[in-house]
$ cat start13.tsv   # TSV, C-alpha atoms and all ligand atoms
chain	number	residue	atom	x	y	z
A	1	MET	CA	12.42	6.75	-21.93
A	2	ASP	CA	15.37	4.39	-22.15
A	3	ASN	CA	16.33	1.31	-24.12
A	4	ARG	CA	17.23	-1.03	-21.28
A	5	GLU	CA	15.58	-4.41	-21.37
A	6	THR	CA	12.50	-4.62	-19.15
A	7	VAL	CA	12.36	-7.91	-17.23
A	8	LEU	CA	9.19	-7.17	-15.28
A	9	GLU	CA	6.38	-4.71	-15.65
A	10	VAL	CA	3.72	-4.53	-12.95
A	11	ARG	CA	0.59	-2.59	-13.90
A	12	SER	CA	-2.16	-1.53	-11.50
A	13	LEU	CA	-1.60	-4.50	-9.22
A	14	LYS	CA	-4.17	-4.98	-6.46
A	15	LYS	CA	-4.43	-7.54	-3.70
A	16	TYR	CA	-7.50	-7.24	-1.51
A	17	PHE	CA	-7.92	-9.81	1.26
A	18	PRO	CA	-11.61	-10.31	2.12
A	19	ILE	CA	-12.59	-9.84	5.75
A	20	GLU	CA	-15.17	-12.49	6.64
A	21	LYS	CA	-17.52	-12.56	9.61
A	22	GLY	CA	-19.84	-15.08	11.24
A	23	PHE	CA	-20.88	-18.63	10.50
A	24	PHE	CA	-21.71	-17.88	6.86
A	25	ARG	CA	-18.37	-16.12	6.39
A	26	ARG	CA	-20.04	-13.06	4.99
A	27	VAL	CA	-17.54	-10.64	3.43
A	28	VAL	CA	-17.77	-7.45	5.45
A	29	GLY	CA	-14.80	-5.58	4.01
A	30	HIS	CA	-11.38	-5.86	2.44
A	31	VAL	CA	-7.79	-5.40	3.53
A	32	LYS	CA	-6.34	-3.46	0.63
A	33	ALA	CA	-2.82	-4.78	1.15
A	34	VAL	CA	-1.68	-3.77	-2.35
A	35	ASP	CA	-3.72	-1.08	-4.03
A	36	ASP	CA	-2.93	-0.06	-7.59
A	37	VAL	CA	0.83	-0.46	-7.75
A	38	SER	CA	2.77	-0.06	-11.02
A	39	PHE	CA	6.51	-0.20	-11.69
A	40	LYS	CA	9.11	-1.63	-14.05
A	41	LEU	CA	12.30	-3.55	-13.41
A	42	HIS	CA	15.12	-3.61	-15.96
A	43	LYS	CA	17.57	-6.43	-16.51
A	44	GLY	CA	20.41	-6.28	-14.00
A	45	GLU	CA	18.62	-3.66	-11.94
A	46	VAL	CA	17.97	-3.63	-8.20
A	47	LEU	CA	14.75	-1.94	-7.15
A	48	GLY	CA	14.53	-1.36	-3.39
A	49	LEU	CA	11.01	-1.53	-1.95
A	50	VAL	CA	10.81	0.19	1.40
A	51	GLY	CA	8.14	0.95	3.99
A	52	GLU	CA	7.20	0.23	7.59
A	53	SER	CA	5.87	-3.13	8.65
A	54	GLY	CA	2.32	-3.71	7.36
A	55	CYS	CA	2.66	-1.50	4.26
A	56	GLY	CA	2.13	-4.43	1.88
A	57	LYS	CA	5.69	-5.19	0.76
A	58	THR	CA	5.58	-8.96	1.29
A	59	THR	CA	2.13	-9.21	-0.29
A	60	LEU	CA	3.40	-7.32	-3.33
A	61	GLY	CA	6.49	-9.55	-3.59
A	62	ARG	CA	4.43	-12.72	-3.28
A	63	CYS	CA	1.92	-11.56	-5.89
A	64	VAL	CA	4.76	-10.84	-8.32
A	65	LEU	CA	5.92	-14.45	-7.97
A	66	ARG	CA	2.36	-15.76	-8.08
A	67	ALA	CA	2.88	-17.26	-4.61
A	68	LEU	CA	-0.37	-15.35	-4.05
A	69	ASN	CA	-3.01	-14.65	-6.65
A	70	ALA	CA	-3.49	-10.92	-7.17
A	71	THR	CA	-7.03	-9.52	-7.17
A	72	SER	CA	-6.38	-7.65	-10.41
A	73	GLY	CA	-3.63	-6.09	-12.47
A	74	GLU	CA	-0.90	-7.31	-14.78
A	75	ILE	CA	2.47	-8.88	-13.98
A	76	ILE	CA	4.32	-8.98	-17.27
A	77	LEU	CA	7.48	-11.03	-17.23
A	78	LYS	CA	9.89	-11.22	-20.13
A	79	THR	CA	10.90	-14.86	-20.09
A	80	ARG	CA	14.35	-16.15	-20.94
A	81	SER	CA	13.07	-17.16	-24.35
A	82	GLY	CA	12.08	-13.53	-24.93
A	83	GLN	CA	8.30	-13.96	-24.65
A	84	LYS	CA	6.22	-11.52	-22.64
A	85	VAL	CA	3.67	-13.25	-20.42
A	86	ASP	CA	1.18	-11.91	-17.92
A	87	LEU	CA	1.74	-14.12	-14.88
A	88	ASN	CA	-1.62	-13.11	-13.46
A	89	GLN	CA	-3.36	-14.76	-16.44
A	90	LEU	CA	-1.53	-18.08	-16.29
A	91	ASN	CA	-3.10	-21.28	-15.06
A	92	LYS	CA	-1.28	-23.50	-12.55
A	93	GLN	CA	0.27	-25.70	-15.19
A	94	ASP	CA	1.69	-22.84	-17.27
A	95	MET	CA	2.90	-21.18	-14.09
A	96	ARG	CA	4.74	-24.36	-13.09
A	97	ALA	CA	6.71	-24.18	-16.33
A	98	LEU	CA	7.80	-20.63	-15.43
A	99	ARG	CA	8.71	-21.37	-11.79
A	100	LYS	CA	12.38	-21.56	-12.71
A	101	GLU	CA	12.36	-17.92	-13.79
A	102	LEU	CA	11.35	-16.42	-10.44
A	103	HIS	CA	12.61	-17.06	-6.93
A	104	MET	CA	12.33	-15.59	-3.48
A	105	VAL	CA	14.82	-15.19	-0.64
A	106	PHE	CA	12.76	-15.22	2.53
A	107	GLN	CA	12.93	-13.01	5.57
A	108	ASP	CA	13.27	-15.80	8.12
A	109	PRO	CA	16.03	-18.31	7.40
A	110	PHE	CA	14.82	-20.46	10.31
A	111	SER	CA	11.24	-21.17	9.30
A	112	SER	CA	11.77	-21.05	5.53
A	113	LEU	CA	14.05	-24.12	5.29
A	114	SER	CA	12.53	-27.55	5.79
A	115	PRO	CA	14.19	-29.09	8.89
A	116	ARG	CA	13.83	-32.64	7.55
A	117	MET	CA	15.64	-32.11	4.26
A	118	THR	CA	19.40	-32.09	3.83
A	119	VAL	CA	20.96	-28.89	2.56
A	120	LEU	CA	21.70	-30.66	-0.71
A	121	ASP	CA	18.03	-31.46	-1.19
A	122	ILE	CA	16.90	-27.98	-0.15
A	123	ILE	CA	19.18	-26.21	-2.62
A	124	GLY	CA	18.59	-28.85	-5.30
A	125	GLU	CA	14.81	-29.01	-5.03
A	126	PRO	CA	14.05	-26.37	-7.70
A	127	LEU	CA	16.36	-28.31	-10.04
A	128	TRP	CA	14.76	-31.62	-9.16
A	129	ALA	CA	11.37	-30.03	-9.92
A	130	GLN	CA	12.69	-29.19	-13.39
A	131	GLY	CA	13.65	-32.84	-13.86
A	132	MET	CA	17.44	-32.49	-13.62
A	133	PRO	CA	19.22	-35.88	-13.31
A	134	ARG	CA	20.67	-36.59	-9.83
A	135	LYS	CA	24.35	-36.53	-10.75
A	136	GLU	CA	24.07	-33.23	-12.60
A	137	LEU	CA	21.98	-31.83	-9.75
A	138	GLU	CA	24.61	-32.69	-7.14
A	139	ASP	CA	27.34	-31.05	-9.21
A	140	ARG	CA	25.24	-27.92	-9.65
A	141	VAL	CA	24.44	-27.76	-5.91
A	142	ARG	CA	28.13	-28.01	-5.04
A	143	GLU	CA	28.87	-25.21	-7.47
A	144	LEU	CA	26.08	-23.08	-5.92
A	145	ALA	CA	27.30	-23.80	-2.39
A	146	THR	CA	30.77	-22.58	-3.27
A	147	LEU	CA	29.32	-19.50	-4.98
A	148	VAL	CA	27.52	-18.42	-1.79
A	149	GLY	CA	30.40	-19.27	0.54
A	150	LEU	CA	29.08	-22.52	2.03
A	151	ASN	CA	31.33	-25.48	2.70
A	152	ALA	CA	30.51	-27.97	-0.08
A	153	GLY	CA	31.53	-30.78	2.29
A	154	HIS	CA	28.58	-30.01	4.62
A	155	LEU	CA	25.76	-30.55	2.15
A	156	ASN	CA	24.50	-33.74	3.75
A	157	ARG	CA	23.75	-31.94	7.01
A	158	TYR	CA	20.36	-30.61	8.07
A	159	PRO	CA	19.59	-26.89	8.45
A	160	ASN	CA	19.70	-27.02	12.26
A	161	ALA	CA	23.47	-27.55	12.04
A	162	PHE	CA	23.84	-24.06	10.55
A	163	SER	CA	23.83	-20.52	11.94
A	164	GLY	CA	21.35	-17.88	10.78
A	165	GLY	CA	23.82	-16.34	8.34
A	166	GLN	CA	24.71	-19.75	6.86
A	167	ARG	CA	21.03	-20.62	6.55
A	168	GLN	CA	20.45	-17.46	4.62
A	169	ARG	CA	23.31	-18.50	2.31
A	170	ILE	CA	21.44	-21.78	1.80
A	171	GLY	CA	18.28	-19.81	0.96
A	172	ILE	CA	20.22	-17.67	-1.51
A	173	ALA	CA	21.81	-20.73	-3.18
A	174	ARG	CA	18.35	-22.27	-3.56
A	175	ALA	CA	16.97	-19.05	-5.05
A	176	LEU	CA	19.84	-18.99	-7.57
A	177	ALA	CA	19.64	-22.68	-8.48
A	178	THR	CA	17.65	-22.32	-11.71
A	179	SER	CA	19.32	-19.02	-12.74
A	180	PRO	CA	16.06	-17.07	-12.43
A	181	SER	CA	15.33	-13.88	-14.37
A	182	LEU	CA	14.09	-12.21	-11.19
A	183	ILE	CA	14.76	-12.65	-7.48
A	184	VAL	CA	12.49	-11.16	-4.85
A	185	ALA	CA	14.51	-10.74	-1.66
A	186	ASP	CA	12.06	-10.13	1.18
A	187	GLU	CA	13.96	-8.42	4.02
A	188	PRO	CA	16.76	-10.97	3.60
A	189	VAL	CA	18.85	-9.63	6.48
A	190	SER	CA	16.35	-8.31	9.00
A	191	ALA	CA	16.09	-11.59	10.97
A	192	LEU	CA	19.90	-11.88	11.24
A	193	ASP	CA	22.29	-10.65	13.91
A	194	VAL	CA	23.50	-7.14	13.14
A	195	SER	CA	27.06	-8.44	13.01
A	196	ILE	CA	26.33	-10.68	10.01
A	197	GLN	CA	23.82	-8.51	8.16
A	198	ALA	CA	26.61	-6.76	6.25
A	199	GLN	CA	28.14	-10.08	5.13
A	200	ILE	CA	24.87	-11.27	3.65
A	201	LEU	CA	24.16	-7.88	2.05
A	202	ASN	CA	27.64	-7.89	0.51
A	203	LEU	CA	27.10	-11.42	-0.75
A	204	LEU	CA	23.81	-10.45	-2.40
A	205	GLN	CA	25.46	-7.41	-3.94
A	206	ASP	CA	28.50	-9.37	-5.22
A	207	LEU	CA	26.25	-12.04	-6.73
A	208	GLN	CA	24.12	-9.37	-8.37
A	209	GLN	CA	27.15	-7.83	-10.02
A	210	GLU	CA	28.81	-11.12	-11.00
A	211	LEU	CA	25.68	-12.70	-12.45
A	212	ASN	CA	23.89	-9.50	-13.56
A	213	LEU	CA	20.88	-10.49	-11.43
A	214	THR	CA	17.65	-8.54	-11.23
A	215	TYR	CA	16.32	-8.02	-7.69
A	216	LEU	CA	13.19	-6.66	-6.15
A	217	PHE	CA	14.82	-5.98	-2.80
A	218	ILE	CA	12.44	-5.45	0.11
A	219	ALA	CA	13.48	-3.71	3.35
A	220	HIS	CA	11.71	-1.78	6.08
A	221	ASP	CA	14.61	0.55	6.50
A	222	LEU	CA	16.18	2.87	3.93
A	223	SER	CA	19.71	2.30	5.24
A	224	VAL	CA	19.61	-1.35	4.08
A	225	VAL	CA	18.99	-0.58	0.40
A	226	GLU	CA	21.17	2.52	0.09
A	227	HIS	CA	24.16	0.74	-1.45
A	228	ILE	CA	22.47	-2.10	-3.26
A	229	ALA	CA	19.51	-0.41	-4.98
A	230	ASP	CA	19.65	1.46	-8.29
A	231	ARG	CA	16.17	2.84	-7.70
A	232	VAL	CA	13.96	2.90	-4.63
A	233	ALA	CA	10.18	2.67	-4.31
A	234	VAL	CA	8.61	3.77	-1.02
A	235	MET	CA	5.35	2.07	-0.09
A	236	TYR	CA	2.70	3.30	2.32
A	237	VAL	CA	-0.58	1.46	3.05
A	238	GLY	CA	-0.59	-0.55	-0.16
A	239	ARG	CA	0.50	2.24	-2.48
A	240	LEU	CA	3.74	3.61	-3.87
A	241	VAL	CA	4.24	7.14	-2.57
A	242	GLU	CA	7.68	7.80	-4.05
A	243	LEU	CA	9.86	6.22	-6.74
A	244	SER	CA	13.20	7.47	-8.02
A	245	GLU	CA	16.88	6.82	-8.64
A	246	THR	CA	18.43	5.96	-5.27
A	247	GLU	CA	20.72	8.97	-4.90
A	248	ASP	CA	18.04	11.45	-5.91
A	249	LEU	CA	15.60	9.94	-3.42
A	250	TYR	CA	18.07	10.17	-0.53
A	251	VAL	CA	19.32	13.66	-1.34
A	252	ASN	CA	16.06	15.21	-2.59
A	253	PRO	CA	13.10	13.34	-1.10
A	254	LYS	CA	9.78	14.53	-2.51
A	255	HIS	CA	7.38	12.86	-0.07
A	256	PRO	CA	7.09	13.64	3.66
A	257	TYR	CA	6.92	9.91	4.48
A	258	THR	CA	10.29	9.36	2.77
A	259	GLU	CA	11.71	12.34	4.64
A	260	ALA	CA	10.63	10.77	7.93
A	261	LEU	CA	12.13	7.38	6.99
A	262	LEU	CA	15.36	9.09	5.94
A	263	SER	CA	15.66	10.95	9.22
A	264	ALA	CA	16.06	7.54	10.90
A	265	VAL	CA	19.00	6.53	8.67
A	266	PRO	CA	22.27	6.63	10.67
A	267	LYS	CA	24.54	9.43	9.40
A	268	PRO	CA	28.26	8.82	8.83
A	269	ASP	CA	29.11	12.29	10.16
A	270	PRO	CA	27.47	12.93	13.56
A	271	ARG	CA	27.63	16.72	12.95
A	272	LEU	CA	25.10	16.19	10.19
A	273	HIS	CA	22.76	14.52	12.60
A	274	GLU	CA	19.37	16.13	12.68
A	275	GLU	CA	16.71	15.12	15.13
A	276	PRO	CA	14.81	12.15	13.72
A	277	ILE	CA	11.28	12.96	12.66
A	278	ILE	CA	9.10	10.99	15.01
A	279	LEU	CA	6.31	9.29	13.10
A	280	SER	CA	3.44	9.45	15.50
A	281	GLY	CA	0.85	6.69	15.49
A	282	GLU	CA	0.86	3.52	13.45
A	283	VAL	CA	0.69	2.72	9.75
A	284	ALA	CA	-2.93	3.33	8.77
A	285	ASN	CA	-5.17	0.27	8.75
A	286	PRO	CA	-5.43	-0.96	5.13
A	287	ALA	CA	-8.94	-2.29	5.91
A	288	ASN	CA	-10.10	1.18	6.85
A	289	PRO	CA	-7.66	3.74	5.49
A	290	PRO	CA	-8.03	7.48	6.17
A	291	SER	CA	-9.66	9.72	3.58
A	292	GLY	CA	-7.62	11.72	1.08
A	293	CYS	CA	-3.88	11.22	1.44
A	294	TYR	CA	-3.42	8.09	3.56
A	295	PHE	CA	-0.44	9.73	5.26
A	296	HIS	CA	-2.30	12.84	6.42
A	297	PRO	CA	-2.93	11.82	10.06
A	298	ARG	CA	0.86	11.50	10.54
A	299	CYS	CA	2.10	14.25	8.22
A	300	LYS	CA	3.51	17.44	9.67
A	301	TYR	CA	2.84	19.32	6.42
A	302	ALA	CA	-0.80	18.23	6.06
A	303	GLN	CA	-3.32	20.88	4.94
A	304	ASP	CA	-7.04	20.74	4.49
A	305	VAL	CA	-6.89	19.46	0.90
A	306	CYS	CA	-4.92	16.42	2.12
A	307	LYS	CA	-7.93	15.16	4.06
A	308	HIS	CA	-10.19	15.23	1.01
A	309	GLU	CA	-8.12	14.56	-2.09
A	310	THR	CA	-5.91	11.58	-2.77
A	311	PRO	CA	-2.70	12.74	-4.45
A	312	PRO	CA	-1.75	10.66	-7.54
A	313	LEU	CA	1.82	9.43	-8.12
A	314	GLN	CA	3.23	12.10	-10.43
A	315	GLU	CA	6.59	12.86	-12.02
A	316	VAL	CA	7.97	15.79	-10.02
A	317	THR	CA	11.41	16.00	-11.63
A	318	PRO	CA	12.62	13.71	-14.48
A	319	GLY	CA	12.40	10.10	-13.33
A	320	HIS	CA	11.35	11.10	-9.81
A	321	PHE	CA	7.75	10.31	-8.88
A	322	ALA	CA	5.87	11.26	-5.71
A	323	ALA	CA	2.28	11.18	-4.47
A	324	CYS	CA	1.95	14.39	-2.45
A	325	HIS	CA	-0.04	17.55	-3.20
A	326	PHE	CA	2.93	19.69	-2.16
A	327	SER	CA	5.90	17.75	-3.64
A	328	SER	CA	7.11	20.66	-5.73
A	329	GLU	CA	6.67	23.27	-2.99
A	330	LEU	CA	8.09	21.54	0.08
A	331	ASP	CA	11.81	21.71	0.72
A	332	LEU	CA	12.28	18.35	2.39
A	333	VAL	CA	15.47	17.30	4.16
A	334	GLY	CA	17.39	14.34	2.73
A	335	VAL	CA	20.68	12.72	3.66
A	336	PRO	CA	24.01	12.94	1.86
A	337	VAL	CA	25.02	9.73	0.05
B	401	LIG	N1	-3.38	-13.61	4.29
B	401	LIG	C1	-3.77	-12.42	4.73
B	401	LIG	N2	-5.06	-12.21	5.09
B	401	LIG	C2	-5.48	-10.99	5.50
B	401	LIG	N3	-4.69	-9.92	5.63
B	401	LIG	C3	-3.38	-10.07	5.30
B	401	LIG	C4	-2.85	-11.32	4.84
B	401	LIG	N4	-1.52	-11.16	4.60
B	401	LIG	C5	-1.22	-9.87	4.90
B	401	LIG	N5	-2.34	-9.21	5.32
B	401	LIG	C6	-2.43	-7.80	5.70
B	401	LIG	O1	-1.98	-7.03	4.61
B	401	LIG	C7	-1.24	-5.92	5.07
B	401	LIG	C8	0.14	-5.93	4.44
B	401	LIG	O2	0.89	-7.00	4.97
B	401	LIG	P1	2.36	-7.38	4.46
B	401	LIG	O3	2.32	-7.52	2.97
B	401	LIG	O4	2.82	-8.54	5.24
B	401	LIG	O5	3.18	-6.07	4.84
B	401	LIG	P2	4.77	-5.87	5.03
B	401	LIG	O6	5.48	-6.99	4.35
B	401	LIG	O7	5.04	-4.53	4.42
B	401	LIG	O8	5.00	-5.84	6.51
B	401	LIG	C9	-1.23	-5.99	6.59
B	401	LIG	O9	-2.26	-5.18	7.08
B	401	LIG	C10	-1.50	-7.45	6.86
B	401	LIG	O10	-2.15	-7.61	8.09
B	402	LIG	S1	-0.49	15.16	0.43
B	402	LIG	FE1	-0.58	16.34	2.31
B	402	LIG	S2	-0.74	14.82	3.97
B	402	LIG	FE2	-0.08	13.75	2.12
B	402	LIG	S3	2.10	13.70	2.28
B	402	LIG	FE3	1.61	15.52	1.08
B	402	LIG	S4	1.47	17.18	2.57
B	402	LIG	FE4	1.41	15.28	3.72
B	403	MG	MG	6.92	-8.28	5.09

$ encode --input "start13.tsv" --output "structure tokens"
Amino acid sequence: MDNRETVLEVRSLKKYFPIEKGFFRRVVGHVKAVDDVSFKLHKGEVLGLVGESGCGKTTLGRCVLRALNATSGEIILKTRSGQKVDLNQLNKQDMRALRKELHMVFQDPFSSLSPRMTVLDIIGEPLWAQGMPRKELEDRVRELATLVGLNAGHLNRYPNAFSGGQRQRIGIARALATSPSLIVADEPVSALDVSIQAQILNLLQDLQQELNLTYLFIAHDLSVVEHIADRVAVMYVGRLVELSETEDLYVNPKHPYTEALLSAVPKPDPRLHEEPIILSGEVANPANPPSGCYFHPRCKYAQDVCKHETPPLQEVTPGHFAACHFSSELDLVGVPV
């Protein structure tokens, strides 16, 4: 399709958490948190991963980094030395050698930073784990601190001396320390005050452009990824339901779930404001999903076939994929970008 370098290819990834009952911990079912997800990420690309809480975004991100072991599927990373490796096949020792290539920025900058380590040690830890000598490590940490807008004179302080926004800068510096090939940013601004969300988003975007970083950028809200993502994947109950170039997804959504998420995005021109589509009910339970299309109990376009047949993710227009029986017939409402 194109000749850009692929950094990551995820194929048919599944993560099923067993549900155990009773003294003998008998397995009585599974939470299908990630259920047959495939996508590619190119070098220097930002893929936004969006869906309501409980859709499986964090589980997917953690499986990609092997912070969780996937149930099945392939996670093919092109390493800096140009080798392609399936992370899901690696043992602990081989994985340790690849740790420097993948990092995560966490959702909660309060619980994700160890309170008993200085900021210097927090940011420097991934370097220390690679065996970098102390002097070199301290120089690199100072350089990273400056890069993310932290005061390099405050590195001997502990995280509790910093505000939420500054803590997230610490988390970003740590994620960047080993110059990873891929960064998974898991809702990096959603725990922050609205007033500083834009600063951190801008920082992540500037760093991406300056360093040609590759992000899997998770958000529960489409407005967060609009400016940063090159492509967007929409997730619903463990599956991708839509995947496309960002602008095309916003202007011409092909899945009713995306249309509903878009209707909640604030519009710059209030005259364009349409009534938000109220999503009734909750995200379906991934331990006991509905039959057919998982979205059918909440979909205003649902027909009989939707209750019985699961729609596959199909290419509706070039590069634009959706999993809905009526993608090519429905005229869904997007938002101007
Ligand atoms: N360790 C776990 N054990 C069992 N179920 C889990 C575990 N982690 C997540 N889940 C379930 O998997 C589903 C997806 O969760 P998560 O990946 O956190 O979603 P999101 O990040 O989109 O909010 C949820 O139903 C959640 O309850
Ligand atoms: S397949 Fe049916 S229920 Fe599912 S999103 Fe499309 S119209 Fe709605
Ligand atoms: Mg999450």

$ residues_near_ligand --input "start13.tsv" --ligand "ligand LIG 401 (chain B)" --cutoff "7 Å" --atoms "all atoms listed in the file" --output "number ranges by chain"
A: 17, 31-33, 51-60, 285-286

$ residues_around --input "start13.tsv" --residues "stretch 127-138 of chain A" --least-positions-apart "2" --cutoff "9 Å" --atoms "all atoms listed in the file" --output "PyMOL selection string"
chain A and resi 97+99-100+120-121+123-125+140-143+177-178

$ residues_around --input "start13.tsv" --residues "A:Asp206" --least-positions-apart "5" --cutoff "12 Å" --atoms "all atoms listed in the file" --output "JSON, numbers by chain"
{"A": [147, 148, 149, 198, 199, 200, 201, 211, 212, 213, 227, 228]}

$ residues_near_point --input "start13.tsv" --point "(-9.3, 12.3, -2.5)" --cutoff "7 Å" --atoms "only C-alpha atoms" --output "count of residues only"
7

$ atom_distance --input "start13.tsv" --atom1 "atom CA of A:Ile170" --atom2 "atom CA of A:Asp139"
15.6 Å

$ build_atoms --input "start13.tsv" --residues "stretch 30-38 of chain A" --atoms "all heavy atoms" --output "compact mmCIF listing (two decimals), in the frame of the given file"
# COMPACT_ATOMS: atom_id res chain seq x y z
N HIS A 30 -12.61 -5.36 3.05
CA HIS A 30 -11.38 -5.86 2.44
C HIS A 30 -10.16 -5.18 3.03
O HIS A 30 -10.20 -4.00 3.33
CB HIS A 30 -11.39 -5.60 0.92
CG HIS A 30 -12.32 -6.50 0.19
ND1 HIS A 30 -13.62 -6.12 -0.10
CD2 HIS A 30 -12.17 -7.74 -0.29
CE1 HIS A 30 -14.22 -7.12 -0.73
NE2 HIS A 30 -13.36 -8.11 -0.87
N VAL A 31 -9.09 -5.98 3.20
CA VAL A 31 -7.79 -5.40 3.53
C VAL A 31 -7.12 -5.11 2.20
O VAL A 31 -6.78 -6.03 1.46
CB VAL A 31 -6.92 -6.39 4.34
CG1 VAL A 31 -5.55 -5.79 4.60
CG2 VAL A 31 -7.60 -6.77 5.64
N LYS A 32 -6.96 -3.83 1.91
CA LYS A 32 -6.34 -3.46 0.63
C LYS A 32 -4.82 -3.44 0.83
O LYS A 32 -4.21 -2.39 0.99
CB LYS A 32 -6.87 -2.11 0.17
CG LYS A 32 -8.36 -2.16 -0.11
CD LYS A 32 -8.86 -0.81 -0.60
CE LYS A 32 -10.34 -0.90 -0.96
NZ LYS A 32 -10.84 0.38 -1.47
N ALA A 33 -4.24 -4.66 0.83
CA ALA A 33 -2.82 -4.78 1.15
C ALA A 33 -1.94 -4.20 0.05
O ALA A 33 -0.89 -3.62 0.31
CB ALA A 33 -2.47 -6.24 1.39
N VAL A 34 -2.36 -4.39 -1.21
CA VAL A 34 -1.68 -3.77 -2.35
C VAL A 34 -2.77 -3.12 -3.18
O VAL A 34 -3.74 -3.76 -3.57
CB VAL A 34 -0.91 -4.82 -3.20
CG1 VAL A 34 -0.30 -4.18 -4.43
CG2 VAL A 34 0.18 -5.49 -2.36
N ASP A 35 -2.60 -1.82 -3.45
CA ASP A 35 -3.72 -1.08 -4.03
C ASP A 35 -3.24 -0.21 -5.19
O ASP A 35 -2.85 0.93 -4.99
CB ASP A 35 -4.36 -0.23 -2.93
CG ASP A 35 -5.74 0.27 -3.34
OD1 ASP A 35 -6.24 -0.19 -4.38
OD2 ASP A 35 -6.29 1.10 -2.61
N ASP A 36 -3.25 -0.80 -6.37
CA ASP A 36 -2.93 -0.06 -7.59
C ASP A 36 -1.45 0.33 -7.67
O ASP A 36 -1.10 1.51 -7.73
CB ASP A 36 -3.82 1.20 -7.66
CG ASP A 36 -3.98 1.68 -9.10
OD1 ASP A 36 -3.42 1.03 -10.00
OD2 ASP A 36 -4.66 2.70 -9.31
N VAL A 37 -0.62 -0.69 -7.68
CA VAL A 37 0.83 -0.46 -7.75
C VAL A 37 1.35 -0.77 -9.15
O VAL A 37 1.00 -1.80 -9.72
CB VAL A 37 1.57 -1.34 -6.69
CG1 VAL A 37 3.07 -1.35 -6.95
CG2 VAL A 37 1.27 -0.83 -5.29
N SER A 38 2.15 0.13 -9.70
CA SER A 38 2.77 -0.06 -11.02
C SER A 38 4.25 0.28 -10.93
O SER A 38 4.62 1.27 -10.29
CB SER A 38 2.13 0.87 -12.05
OG SER A 38 0.74 0.68 -12.12
